[in-house]
Amino acid sequence: MFRIVSHTIARDLRLALRRPADLASVLFFFIIVASLFPLGVGPEVDLLRQLAPGVLWVGALLATQLSLPRLFADDYRDGTLEQLALSPNPLGLMVLGKVIAHWLVSGLPLALLAPVLGLQFDLPTDALWVLAGSILLGTPALSGIGAIGAGLTLGLRGGGVLLSLLVLPLYIPVLIFGAGAVDASVSGLGPGAHLSLLAALTVGGLAFAPWAAAAALKIALE
Amino acid sequence: MRMIHWFKFSAPSTFYPLAGKLIPWFWALFAGFALAGLWISFFVAPTDFQQGEGYRIIFIHVGASWMSMFIYLVMAFWAGMGLAFNTRLSGMMAQALAPTGALFAFISLWTGALWGKPMWGTWWVWDARLTSELILLFLYIGFIALTRAIDDSRRSDKAGAILALVGVVNIPIIYFSVKWWNTLHQGASVSLTRAPAMASIMLWGMLFSAFAMWMYAVAVALMRVRTIILERERHTDWVRELLLDRS
Amino acid sequence: MHWNSFSDFIAMGGHGLYVWGAFGVTALAMILEPWLVIRRHRAVRERLARQLRAEARLEQAP
């Protein structure tokens, strides 16, 4: 069981690293979106500090969502997905591996990058840590829920826009607890409660989402 | 025995004429409940001493909100039935219900805004319930967009079913998170719960209008499902007979 | 009955615009939706009937 997951992770990582430009474009998207906000609302430090948790979280959310269509598309096109679906191994575990690999190339770098962008918004040091931690904790759930959307829209025309329509409303709880954690840290309330709820969402998401995504993939492959 | 009976009606060829017979009855029930509801909302319910006459909007607002949530549950139920038993009609029912549910979510938001303006002085507050209703509308739109984007009807039904079930699992989580978010940002919003203790006549008004909307939703969904059945079964003998006999 | 006159009823104690805006749009939506559904049902029926008749004629032709 563990072998299937780790094997899929290793394979997907190898494929992703073969095309580093894709990885970089997601990160640059995040940087650009975060930099647009000060230009839009003005450089007042107090205002920016107040906006920072929401802006950076929405940016991370959109960046994650942007890379979702590629989650299954390549394997679908070259027929690998069909073979994987026919193999005796449970498809859900394979999806779990792909979700983790997706997180390693999107959520993890986003979490490492976010504190740097937080500096642009003059966030205090504590809040920077919480920001990185909350993105680290929350993005696996985003990848998991996103996999369901990616499975449902596989091979459809206009799949990318449709995918965001399906997935973004489902991302709202993660956004609320993620940005809330940073907010709570800035206002001195302590982010503990938010972070544990975020962790619960991630655990729940990773436990259920791969199976729903696997069911969606089976339908798409019929 | 009973199971056989039910599966007989779940065949599109039997259900199509049955639905046709039922539709007028649901319209009649709708008319009765709607008249009773309107009568209570405008002529029986007294003027509210705090909110004046503007509060009469809640007679439709509450009913529409209830229906928008209820229809999503019914939709998810049919979706689950379709996945579990592979009955063709279930998926068609789910797709027929979605636009009506979205319409009620829209009506709920629209009437909520028109109620909020005279009561709170603003068209929109980020209240937990209003926000959840907005997200529910997004979920409906996602379902409709997905099912319309897939041409193959079997895949469309099943993909829609998965999305509806994922949505149903998520709705409580979304509602909880929005409520949590709302209590943390208390200063920015006004709570809806400050409505005065509800007189029983008001409850009757709301119930009647909600029943009217329920009957309406059933009638419209049956009408829509008949169209979907015709389109999907156009190559079958019974549709051929039905359409050629008439003309 | 607590309305003294018809104009009183329309004014709704100064909230007429809101009350009638809410009830009016709801009524409009609940008329428009069935109308669209009926129209589509008729269109689908007619289109299918035309197709079926054309097919029947083709079968009879030779």
# chains A, B, ... in the order shown; residues from 1 in each chain; ligands from 1
>>> residues_around(residues="Thr111 (chain B)", least_positions_apart="6", cutoff="12 Å", atoms="only C-alpha atoms", output="PyMOL selection string")
(chain B and resi 54-65+104-105+117-118+123-124+130) or (chain C and resi 17-27)
>>> write_last_selection(atoms="N, CA and C atoms", output="PDB file, in the first residue's frame")
ATOM      1  N   GLY B  54     -41.899  46.597   6.272  1.00  0.00           N
ATOM      2  CA  GLY B  54     -40.813  45.992   5.491  1.00  0.00           C
ATOM      3  C   GLY B  54     -40.585  44.536   5.839  1.00  0.00           C
ATOM      4  N   TYR B  55     -40.979  44.143   7.052  1.00  0.00           N
ATOM      5  CA  TYR B  55     -40.679  42.777   7.479  1.00  0.00           C
ATOM      6  C   TYR B  55     -41.450  41.743   6.669  1.00  0.00           C
ATOM      7  N   ARG B  56     -42.511  42.194   5.945  1.00  0.00           N
ATOM      8  CA  ARG B  56     -43.310  41.231   5.170  1.00  0.00           C
ATOM      9  C   ARG B  56     -42.478  40.482   4.135  1.00  0.00           C
ATOM     10  N   ILE B  57     -41.307  41.034   3.810  1.00  0.00           N
ATOM     11  CA  ILE B  57     -40.419  40.357   2.851  1.00  0.00           C
ATOM     12  C   ILE B  57     -40.002  38.979   3.367  1.00  0.00           C
ATOM     13  N   ILE B  58     -39.890  38.842   4.712  1.00  0.00           N
ATOM     14  CA  ILE B  58     -39.372  37.553   5.199  1.00  0.00           C
ATOM     15  C   ILE B  58     -40.297  36.391   4.868  1.00  0.00           C
ATOM     16  N   PHE B  59     -41.577  36.681   4.567  1.00  0.00           N
ATOM     17  CA  PHE B  59     -42.462  35.566   4.207  1.00  0.00           C
ATOM     18  C   PHE B  59     -41.962  34.823   2.981  1.00  0.00           C
ATOM     19  N   ILE B  60     -41.374  35.552   2.022  1.00  0.00           N
ATOM     20  CA  ILE B  60     -40.797  34.813   0.897  1.00  0.00           C
ATOM     21  C   ILE B  60     -39.324  34.504   1.136  1.00  0.00           C
ATOM     22  N   HIS B  61     -38.646  35.394   1.847  1.00  0.00           N
ATOM     23  CA  HIS B  61     -37.207  35.190   2.043  1.00  0.00           C
ATOM     24  C   HIS B  61     -36.925  33.860   2.755  1.00  0.00           C
ATOM     25  N   VAL B  62     -37.645  33.622   3.836  1.00  0.00           N
ATOM     26  CA  VAL B  62     -37.387  32.402   4.621  1.00  0.00           C
ATOM     27  C   VAL B  62     -37.740  31.158   3.805  1.00  0.00           C
ATOM     28  N   GLY B  63     -38.903  31.208   3.132  1.00  0.00           N
ATOM     29  CA  GLY B  63     -39.306  30.056   2.320  1.00  0.00           C
ATOM     30  C   GLY B  63     -38.288  29.747   1.235  1.00  0.00           C
ATOM     31  N   ALA B  64     -37.813  30.806   0.553  1.00  0.00           N
ATOM     32  CA  ALA B  64     -36.856  30.588  -0.532  1.00  0.00           C
ATOM     33  C   ALA B  64     -35.551  30.020   0.015  1.00  0.00           C
ATOM     34  N   SER B  65     -35.105  30.502   1.186  1.00  0.00           N
ATOM     35  CA  SER B  65     -33.860  29.969   1.763  1.00  0.00           C
ATOM     36  C   SER B  65     -34.023  28.496   2.114  1.00  0.00           C
ATOM     37  N   PHE B 104     -33.990  29.593  -6.370  1.00  0.00           N
ATOM     38  CA  PHE B 104     -34.409  29.914  -5.008  1.00  0.00           C
ATOM     39  C   PHE B 104     -33.261  30.527  -4.209  1.00  0.00           C
ATOM     40  N   ALA B 105     -32.037  30.061  -4.457  1.00  0.00           N
ATOM     41  CA  ALA B 105     -30.896  30.681  -3.777  1.00  0.00           C
ATOM     42  C   ALA B 105     -30.792  32.146  -4.192  1.00  0.00           C
ATOM     43  N   LYS B 117     -31.794  46.414   3.384  1.00  0.00           N
ATOM     44  CA  LYS B 117     -31.648  47.854   3.151  1.00  0.00           C
ATOM     45  C   LYS B 117     -32.499  48.688   4.121  1.00  0.00           C
ATOM     46  N   PRO B 118     -33.811  48.453   4.244  1.00  0.00           N
ATOM     47  CA  PRO B 118     -34.560  49.266   5.205  1.00  0.00           C
ATOM     48  C   PRO B 118     -34.272  48.904   6.664  1.00  0.00           C
ATOM     49  N   TRP B 123     -27.428  47.076   1.743  1.00  0.00           N
ATOM     50  CA  TRP B 123     -27.950  46.013   0.876  1.00  0.00           C
ATOM     51  C   TRP B 123     -27.373  44.663   1.244  1.00  0.00           C
ATOM     52  N   TRP B 124     -26.175  44.689   1.710  1.00  0.00           N
ATOM     53  CA  TRP B 124     -25.491  43.408   1.928  1.00  0.00           C
ATOM     54  C   TRP B 124     -24.710  43.456   3.219  1.00  0.00           C
ATOM     55  N   LEU B 130     -26.259  34.798   5.181  1.00  0.00           N
ATOM     56  CA  LEU B 130     -26.248  35.339   3.812  1.00  0.00           C
ATOM     57  C   LEU B 130     -25.040  34.821   3.045  1.00  0.00           C
TER      58      LEU B 130
ATOM     59  N   LEU C  17     -41.172  50.186  -1.995  1.00  0.00           N
ATOM     60  CA  LEU C  17     -40.184  49.823  -3.013  1.00  0.00           C
ATOM     61  C   LEU C  17     -39.515  48.495  -2.660  1.00  0.00           C
ATOM     62  N   TYR C  18     -39.178  48.328  -1.393  1.00  0.00           N
ATOM     63  CA  TYR C  18     -38.480  47.106  -0.987  1.00  0.00           C
ATOM     64  C   TYR C  18     -39.422  45.909  -1.020  1.00  0.00           C
ATOM     65  N   VAL C  19     -40.605  46.088  -0.423  1.00  0.00           N
ATOM     66  CA  VAL C  19     -41.537  44.962  -0.348  1.00  0.00           C
ATOM     67  C   VAL C  19     -41.955  44.539  -1.749  1.00  0.00           C
ATOM     68  N   TRP C  20     -42.348  45.508  -2.581  1.00  0.00           N
ATOM     69  CA  TRP C  20     -42.815  45.118  -3.919  1.00  0.00           C
ATOM     70  C   TRP C  20     -41.667  44.693  -4.804  1.00  0.00           C
ATOM     71  N   GLY C  21     -40.482  45.251  -4.544  1.00  0.00           N
ATOM     72  CA  GLY C  21     -39.302  44.784  -5.273  1.00  0.00           C
ATOM     73  C   GLY C  21     -39.039  43.313  -4.991  1.00  0.00           C
ATOM     74  N   ALA C  22     -39.164  42.924  -3.731  1.00  0.00           N
ATOM     75  CA  ALA C  22     -38.924  41.531  -3.363  1.00  0.00           C
ATOM     76  C   ALA C  22     -40.012  40.621  -3.925  1.00  0.00           C
ATOM     77  N   PHE C  23     -41.282  40.969  -3.664  1.00  0.00           N
ATOM     78  CA  PHE C  23     -42.372  40.109  -4.128  1.00  0.00           C
ATOM     79  C   PHE C  23     -42.454  40.111  -5.657  1.00  0.00           C
ATOM     80  N   GLY C  24     -42.204  41.281  -6.263  1.00  0.00           N
ATOM     81  CA  GLY C  24     -42.298  41.378  -7.722  1.00  0.00           C
ATOM     82  C   GLY C  24     -41.272  40.506  -8.417  1.00  0.00           C
ATOM     83  N   VAL C  25     -40.017  40.593  -7.974  1.00  0.00           N
ATOM     84  CA  VAL C  25     -38.969  39.807  -8.638  1.00  0.00           C
ATOM     85  C   VAL C  25     -39.214  38.316  -8.416  1.00  0.00           C
ATOM     86  N   THR C  26     -39.672  37.960  -7.196  1.00  0.00           N
ATOM     87  CA  THR C  26     -39.976  36.549  -6.943  1.00  0.00           C
ATOM     88  C   THR C  26     -41.079  36.067  -7.889  1.00  0.00           C
ATOM     89  N   ALA C  27     -42.148  36.881  -8.013  1.00  0.00           N
ATOM     90  CA  ALA C  27     -43.241  36.487  -8.905  1.00  0.00           C
ATOM     91  C   ALA C  27     -42.750  36.383 -10.342  1.00  0.00           C
TER      92      ALA C  27
END
>>> closest_atom_pairs(of="chain C", to="chain B", cutoff="9 Å", atoms="only C-alpha atoms", output="tab-separated table")
residue	atom	partner	partner_atom	distance
C:Met1	CA	B:Phe43	CA	5.6
C:His2	CA	B:Phe43	CA	7.0
C:Trp3	CA	B:Phe43	CA	8.0
C:Phe9	CA	B:Phe42	CA	8.7
C:Met12	CA	B:Glu53	CA	5.5
C:Gly13	CA	B:Glu53	CA	5.7
C:Gly14	CA	B:Glu53	CA	7.9
C:His15	CA	B:Gly54	CA	5.4
C:Gly16	CA	B:Gly54	CA	7.7
C:Leu17	CA	B:Leu114	CA	8.7
C:Tyr18	CA	B:Leu114	CA	5.3
C:Val19	CA	B:Ile57	CA	5.7
C:Trp20	CA	B:Ile57	CA	8.6
C:Gly21	CA	B:Leu114	CA	7.3
C:Ala22	CA	B:Thr111	CA	5.0
C:Phe23	CA	B:Ile57	CA	7.3
C:Val25	CA	B:Ile107	CA	7.8
C:Thr26	CA	B:Ile107	CA	6.2
C:Ala29	CA	B:Leu103	CA	7.7
C:Met30	CA	B:Tyr216	CA	8.2
C:Glu33	CA	B:Val220	CA	7.9
C:Pro34	CA	B:Val220	CA	6.1
C:Val37	CA	B:Arg224	CA	6.1
C:Ile38	CA	B:Met223	CA	7.4
C:Arg40	CA	B:Thr227	CA	7.5
C:His41	CA	B:Thr227	CA	5.1
C:Arg42	CA	B:Thr227	CA	8.5
C:Val44	CA	B:Glu231	CA	7.0
C:Arg45	CA	B:Leu243	CA	7.3
C:Glu46	CA	B:Leu243	CA	8.5
C:Leu48	CA	B:Arg234	CA	7.1
C:Ala49	CA	B:Leu243	CA	5.5
C:Leu52	CA	B:Arg240	CA	6.8
C:Arg53	CA	B:Leu244	CA	7.1
>>> closest_atom_pairs(of="chain B", to="chain A", cutoff="6 Å", atoms="only C-alpha atoms", output="JSON lines")
{"residue": "B:Gly142", "atom": "CA", "partner": "A:Leu166", "partner_atom": "CA", "distance": 4.9}
{"residue": "B:Ala159", "atom": "CA", "partner": "A:Leu152", "partner_atom": "CA", "distance": 5.9}
{"residue": "B:Ile174", "atom": "CA", "partner": "A:Pro173", "partner_atom": "CA", "distance": 5.5}
{"residue": "B:Ser177", "atom": "CA", "partner": "A:Pro173", "partner_atom": "CA", "distance": 5.4}
>>> residues_around(residues="region 94-110 of chain A", least_positions_apart="5", cutoff="8 Å", atoms="only C-alpha atoms", output="PyMOL selection string")
chain A and resi 4-10+12-13+16+23+26-27+30+60+63-64+67+71+89+135-136+139-140+143-144+147+206+210-211+213-214
>>> write_last_selection(atoms="C-alpha atoms", output="PDB file, in the first residue's frame")
ATOM      1  CA  ILE A   4       2.050   2.325  -4.454  1.00  0.00           C
ATOM      2  CA  VAL A   5       1.864   5.787  -2.913  1.00  0.00           C
ATOM      3  CA  SER A   6       5.603   6.328  -2.737  1.00  0.00           C
ATOM      4  CA  HIS A   7       6.122   4.947  -6.209  1.00  0.00           C
ATOM      5  CA  THR A   8       3.549   7.385  -7.647  1.00  0.00           C
ATOM      6  CA  ILE A   9       5.098  10.276  -5.742  1.00  0.00           C
ATOM      7  CA  ALA A  10       8.578   9.481  -7.044  1.00  0.00           C
ATOM      8  CA  ASP A  12       5.320  12.345 -10.585  1.00  0.00           C
ATOM      9  CA  LEU A  13       8.154  14.281  -8.979  1.00  0.00           C
ATOM     10  CA  ALA A  16       7.581  17.551 -12.691  1.00  0.00           C
ATOM     11  CA  LEU A  23       6.848  24.900 -11.361  1.00  0.00           C
ATOM     12  CA  VAL A  26       3.096  28.912 -10.479  1.00  0.00           C
ATOM     13  CA  LEU A  27       5.457  30.603  -8.038  1.00  0.00           C
ATOM     14  CA  PHE A  30       1.860  33.982  -6.682  1.00  0.00           C
ATOM     15  CA  ALA A  60      -1.691  30.863  -2.632  1.00  0.00           C
ATOM     16  CA  ALA A  63      -1.736  29.561  -7.534  1.00  0.00           C
ATOM     17  CA  THR A  64      -2.544  26.037  -6.305  1.00  0.00           C
ATOM     18  CA  SER A  67      -1.688  24.081 -11.571  1.00  0.00           C
ATOM     19  CA  LEU A  71      -2.601  16.950 -12.366  1.00  0.00           C
ATOM     20  CA  ASN A  89      -3.961  -1.562  -7.229  1.00  0.00           C
ATOM     21  CA  ILE A 135       0.004  27.435   4.131  1.00  0.00           C
ATOM     22  CA  LEU A 136       2.057  24.323   4.832  1.00  0.00           C
ATOM     23  CA  THR A 139      -2.383  23.364   0.970  1.00  0.00           C
ATOM     24  CA  PRO A 140      -2.537  19.539   1.122  1.00  0.00           C
ATOM     25  CA  SER A 143      -4.469  19.692  -3.563  1.00  0.00           C
ATOM     26  CA  GLY A 144      -6.829  16.938  -2.427  1.00  0.00           C
ATOM     27  CA  ALA A 147      -7.919  16.496  -7.458  1.00  0.00           C
ATOM     28  CA  LEU A 206      -6.563  13.635   2.334  1.00  0.00           C
ATOM     29  CA  PRO A 210      -8.502  10.781  -3.233  1.00  0.00           C
ATOM     30  CA  TRP A 211     -11.353   8.251  -3.286  1.00  0.00           C
ATOM     31  CA  ALA A 213     -11.244  11.816  -7.226  1.00  0.00           C
ATOM     32  CA  ALA A 214     -10.631   8.167  -8.143  1.00  0.00           C
TER      33      ALA A 214
END
>>> residues_around(residues="Ser185 (chain A)", least_positions_apart="6", cutoff="8 Å", atoms="only C-alpha atoms", output="ChimeraX atom specification")
/A:126-127,130,191
>>> atom_distance(atom1="CA of Gly79 (chain A)", atom2="CA of Met1 (chain A)")
23.0 Å
>>> select_by_dssp(residues="region 67-204 of chain B", states="alpha helix (DSSP H)", output="mmCIF file with C-alpha atoms, in the first residue's frame")
data_model
loop_
_atom_site.group_PDB
_atom_site.id
_atom_site.type_symbol
_atom_site.label_atom_id
_atom_site.label_comp_id
_atom_site.auth_asym_id
_atom_site.auth_seq_id
_atom_site.Cartn_x
_atom_site.Cartn_y
_atom_site.Cartn_z
ATOM 1 C CA MET B 67 -36.172 25.548 -0.408
ATOM 2 C CA SER B 68 -32.709 26.363 -1.771
ATOM 3 C CA MET B 69 -31.143 24.178 0.923
ATOM 4 C CA PHE B 70 -33.785 21.461 0.743
ATOM 5 C CA ILE B 71 -33.521 21.165 -3.043
ATOM 6 C CA TYR B 72 -29.762 20.698 -2.782
ATOM 7 C CA LEU B 73 -30.319 17.825 -0.362
ATOM 8 C CA VAL B 74 -32.939 16.263 -2.648
ATOM 9 C CA MET B 75 -30.611 16.711 -5.597
ATOM 10 C CA ALA B 76 -27.779 14.992 -3.736
ATOM 11 C CA PHE B 77 -30.188 12.215 -2.722
ATOM 12 C CA TRP B 78 -31.106 11.524 -6.352
ATOM 13 C CA ALA B 79 -27.460 11.768 -7.312
ATOM 14 C CA GLY B 80 -26.563 9.164 -4.693
ATOM 15 C CA MET B 81 -29.412 6.913 -5.840
ATOM 16 C CA GLY B 82 -28.151 7.201 -9.394
ATOM 17 C CA LEU B 83 -24.631 6.173 -8.390
ATOM 18 C CA ALA B 84 -25.787 3.360 -6.108
ATOM 19 C CA PHE B 85 -28.491 1.745 -8.256
ATOM 20 C CA ARG B 88 -31.221 6.499 -15.380
ATOM 21 C CA LEU B 89 -34.051 8.598 -14.014
ATOM 22 C CA SER B 90 -32.157 9.624 -10.853
ATOM 23 C CA GLY B 91 -29.515 11.558 -12.740
ATOM 24 C CA MET B 92 -32.178 13.254 -14.828
ATOM 25 C CA MET B 93 -34.032 14.267 -11.655
ATOM 26 C CA ALA B 94 -30.870 15.778 -10.169
ATOM 27 C CA GLN B 95 -30.248 17.783 -13.337
ATOM 28 C CA ALA B 96 -33.873 18.920 -13.480
ATOM 29 C CA LEU B 97 -33.774 20.181 -9.889
ATOM 30 C CA ALA B 98 -30.546 22.183 -10.052
ATOM 31 C CA PRO B 99 -31.776 25.293 -11.938
ATOM 32 C CA THR B 100 -34.801 25.616 -9.652
ATOM 33 C CA GLY B 101 -32.591 25.336 -6.581
ATOM 34 C CA ALA B 102 -30.269 27.982 -7.962
ATOM 35 C CA LEU B 103 -33.276 30.199 -8.627
ATOM 36 C CA PHE B 104 -34.409 29.914 -5.008
ATOM 37 C CA ALA B 105 -30.896 30.681 -3.777
ATOM 38 C CA PHE B 106 -30.969 33.794 -5.953
ATOM 39 C CA ILE B 107 -34.439 34.792 -4.682
ATOM 40 C CA SER B 108 -33.237 34.309 -1.127
ATOM 41 C CA LEU B 109 -30.263 36.629 -1.724
ATOM 42 C CA TRP B 110 -32.344 39.187 -3.601
ATOM 43 C CA THR B 111 -35.078 39.391 -0.974
ATOM 44 C CA GLY B 112 -32.436 39.355 1.764
ATOM 45 C CA ALA B 113 -30.820 42.419 0.207
ATOM 46 C CA LEU B 114 -34.176 44.189 -0.113
ATOM 47 C CA TRP B 115 -34.956 43.357 3.485
ATOM 48 C CA GLY B 116 -31.543 44.408 4.722
ATOM 49 C CA LYS B 117 -31.648 47.854 3.151
ATOM 50 C CA PRO B 118 -34.560 49.266 5.205
ATOM 51 C CA MET B 119 -33.701 47.223 8.330
ATOM 52 C CA TRP B 120 -29.947 47.660 8.575
ATOM 53 C CA ALA B 128 -23.016 33.983 8.267
ATOM 54 C CA ARG B 129 -26.347 32.963 6.777
ATOM 55 C CA LEU B 130 -26.248 35.339 3.812
ATOM 56 C CA THR B 131 -22.674 34.329 3.045
ATOM 57 C CA SER B 132 -23.523 30.634 3.212
ATOM 58 C CA GLU B 133 -26.466 31.212 0.910
ATOM 59 C CA LEU B 134 -24.144 32.901 -1.583
ATOM 60 C CA ILE B 135 -21.762 29.938 -1.440
ATOM 61 C CA LEU B 136 -24.722 27.594 -1.949
ATOM 62 C CA LEU B 137 -25.551 29.528 -5.119
ATOM 63 C CA PHE B 138 -21.929 29.029 -6.255
ATOM 64 C CA LEU B 139 -22.267 25.281 -5.628
ATOM 65 C CA TYR B 140 -25.440 25.159 -7.738
ATOM 66 C CA ILE B 141 -23.731 27.087 -10.525
ATOM 67 C CA GLY B 142 -20.773 24.701 -10.415
ATOM 68 C CA PHE B 143 -23.106 21.694 -10.686
ATOM 69 C CA ILE B 144 -25.027 23.192 -13.607
ATOM 70 C CA ALA B 145 -21.837 24.244 -15.401
ATOM 71 C CA LEU B 146 -20.276 20.787 -15.001
ATOM 72 C CA THR B 147 -23.311 18.812 -16.130
ATOM 73 C CA ARG B 148 -23.864 21.114 -19.122
ATOM 74 C CA ALA B 149 -20.217 20.870 -20.178
ATOM 75 C CA SER B 153 -25.374 11.902 -20.650
ATOM 76 C CA ARG B 154 -24.115 8.965 -18.584
ATOM 77 C CA ARG B 155 -20.862 10.689 -17.731
ATOM 78 C CA SER B 156 -22.711 13.944 -17.116
ATOM 79 C CA ASP B 157 -25.045 12.282 -14.597
ATOM 80 C CA LYS B 158 -22.283 10.501 -12.745
ATOM 81 C CA ALA B 159 -19.873 13.429 -12.638
ATOM 82 C CA GLY B 160 -22.699 15.663 -11.423
ATOM 83 C CA ALA B 161 -23.573 13.069 -8.793
ATOM 84 C CA ILE B 162 -20.041 13.038 -7.393
ATOM 85 C CA LEU B 163 -19.966 16.831 -7.303
ATOM 86 C CA ALA B 164 -23.359 17.006 -5.572
ATOM 87 C CA LEU B 165 -22.269 14.480 -2.943
ATOM 88 C CA VAL B 166 -18.965 16.277 -2.344
ATOM 89 C CA GLY B 167 -20.985 19.488 -1.997
ATOM 90 C CA VAL B 168 -23.350 17.942 0.529
ATOM 91 C CA VAL B 169 -20.445 16.744 2.658
ATOM 92 C CA ASN B 170 -18.900 20.201 2.463
ATOM 93 C CA ILE B 171 -21.971 22.315 3.206
ATOM 94 C CA PRO B 172 -21.849 21.774 7.005
ATOM 95 C CA ILE B 173 -18.094 22.446 7.009
ATOM 96 C CA ILE B 174 -18.574 25.607 4.958
ATOM 97 C CA TYR B 175 -21.407 26.780 7.197
ATOM 98 C CA PHE B 176 -19.362 26.134 10.338
ATOM 99 C CA SER B 177 -16.318 27.930 8.953
ATOM 100 C CA VAL B 178 -18.356 30.928 7.811
ATOM 101 C CA LYS B 179 -20.024 31.131 11.220
ATOM 102 C CA TRP B 180 -16.640 30.958 12.934
ATOM 103 C CA TRP B 181 -15.287 33.654 10.627
ATOM 104 C CA ASN B 182 -18.343 35.777 11.320
ATOM 105 C CA THR B 183 -18.030 35.644 15.091
ATOM 106 C CA LEU B 184 -14.374 36.698 14.854
ATOM 107 C CA SER B 200 -47.520 32.046 15.412
ATOM 108 C CA ILE B 201 -49.441 33.722 12.580
ATOM 109 C CA MET B 202 -46.088 34.702 11.051
ATOM 110 C CA LEU B 203 -44.924 31.116 11.267
ATOM 111 C CA TRP B 204 -48.067 30.029 9.407
#
>>> decode(residues="region 1-55 of chain C", atoms="C-alpha atoms", output="tab-separated table (two decimals), in the first residue's frame")
chain	number	residue	atom	x	y	z
C	1	MET	CA	-57.67	44.27	7.51
C	2	HIS	CA	-55.26	47.01	8.47
C	3	TRP	CA	-54.97	48.89	5.16
C	4	ASN	CA	-57.12	51.99	4.99
C	5	SER	CA	-56.84	52.44	1.26
C	6	PHE	CA	-55.26	50.91	-1.82
C	7	SER	CA	-52.52	53.54	-1.95
C	8	ASP	CA	-51.79	52.73	1.67
C	9	PHE	CA	-51.35	49.11	0.62
C	10	ILE	CA	-48.97	50.08	-2.18
C	11	ALA	CA	-46.93	52.38	0.07
C	12	MET	CA	-46.31	49.62	2.68
C	13	GLY	CA	-45.59	52.17	5.38
C	14	GLY	CA	-42.82	53.75	3.33
C	15	HIS	CA	-41.18	50.41	2.46
C	16	GLY	CA	-43.18	49.87	-0.70
C	17	LEU	CA	-40.18	49.82	-3.01
C	18	TYR	CA	-38.48	47.11	-0.99
C	19	VAL	CA	-41.54	44.96	-0.35
C	20	TRP	CA	-42.82	45.12	-3.92
C	21	GLY	CA	-39.30	44.78	-5.27
C	22	ALA	CA	-38.92	41.53	-3.36
C	23	PHE	CA	-42.37	40.11	-4.13
C	24	GLY	CA	-42.30	41.38	-7.72
C	25	VAL	CA	-38.97	39.81	-8.64
C	26	THR	CA	-39.98	36.55	-6.94
C	27	ALA	CA	-43.24	36.49	-8.90
C	28	LEU	CA	-41.43	37.35	-12.12
C	29	ALA	CA	-38.89	34.58	-11.57
C	30	MET	CA	-41.63	32.07	-10.79
C	31	ILE	CA	-43.48	32.99	-13.99
C	32	LEU	CA	-40.41	33.19	-16.19
C	33	GLU	CA	-38.91	29.83	-15.21
C	34	PRO	CA	-41.99	27.67	-16.03
C	35	TRP	CA	-42.49	29.68	-19.21
C	36	LEU	CA	-38.93	28.94	-20.35
C	37	VAL	CA	-39.30	25.27	-19.41
C	38	ILE	CA	-42.57	24.95	-21.34
C	39	ARG	CA	-41.09	26.71	-24.35
C	40	ARG	CA	-38.09	24.42	-24.38
C	41	HIS	CA	-40.28	21.35	-23.96
C	42	ARG	CA	-42.38	22.36	-26.98
C	43	ALA	CA	-39.29	23.14	-29.04
C	44	VAL	CA	-37.74	19.76	-28.23
C	45	ARG	CA	-41.00	17.95	-29.02
C	46	GLU	CA	-41.43	19.68	-32.35
C	47	ARG	CA	-37.83	19.15	-33.37
C	48	LEU	CA	-37.93	15.45	-32.51
C	49	ALA	CA	-41.30	14.97	-34.22
C	50	ARG	CA	-39.97	16.61	-37.37
C	51	GLN	CA	-36.89	14.39	-37.33
C	52	LEU	CA	-38.96	11.25	-36.79
C	53	ARG	CA	-41.36	12.13	-39.59
C	54	ALA	CA	-38.46	12.78	-41.95
C	55	GLU	CA	-36.99	9.40	-41.04
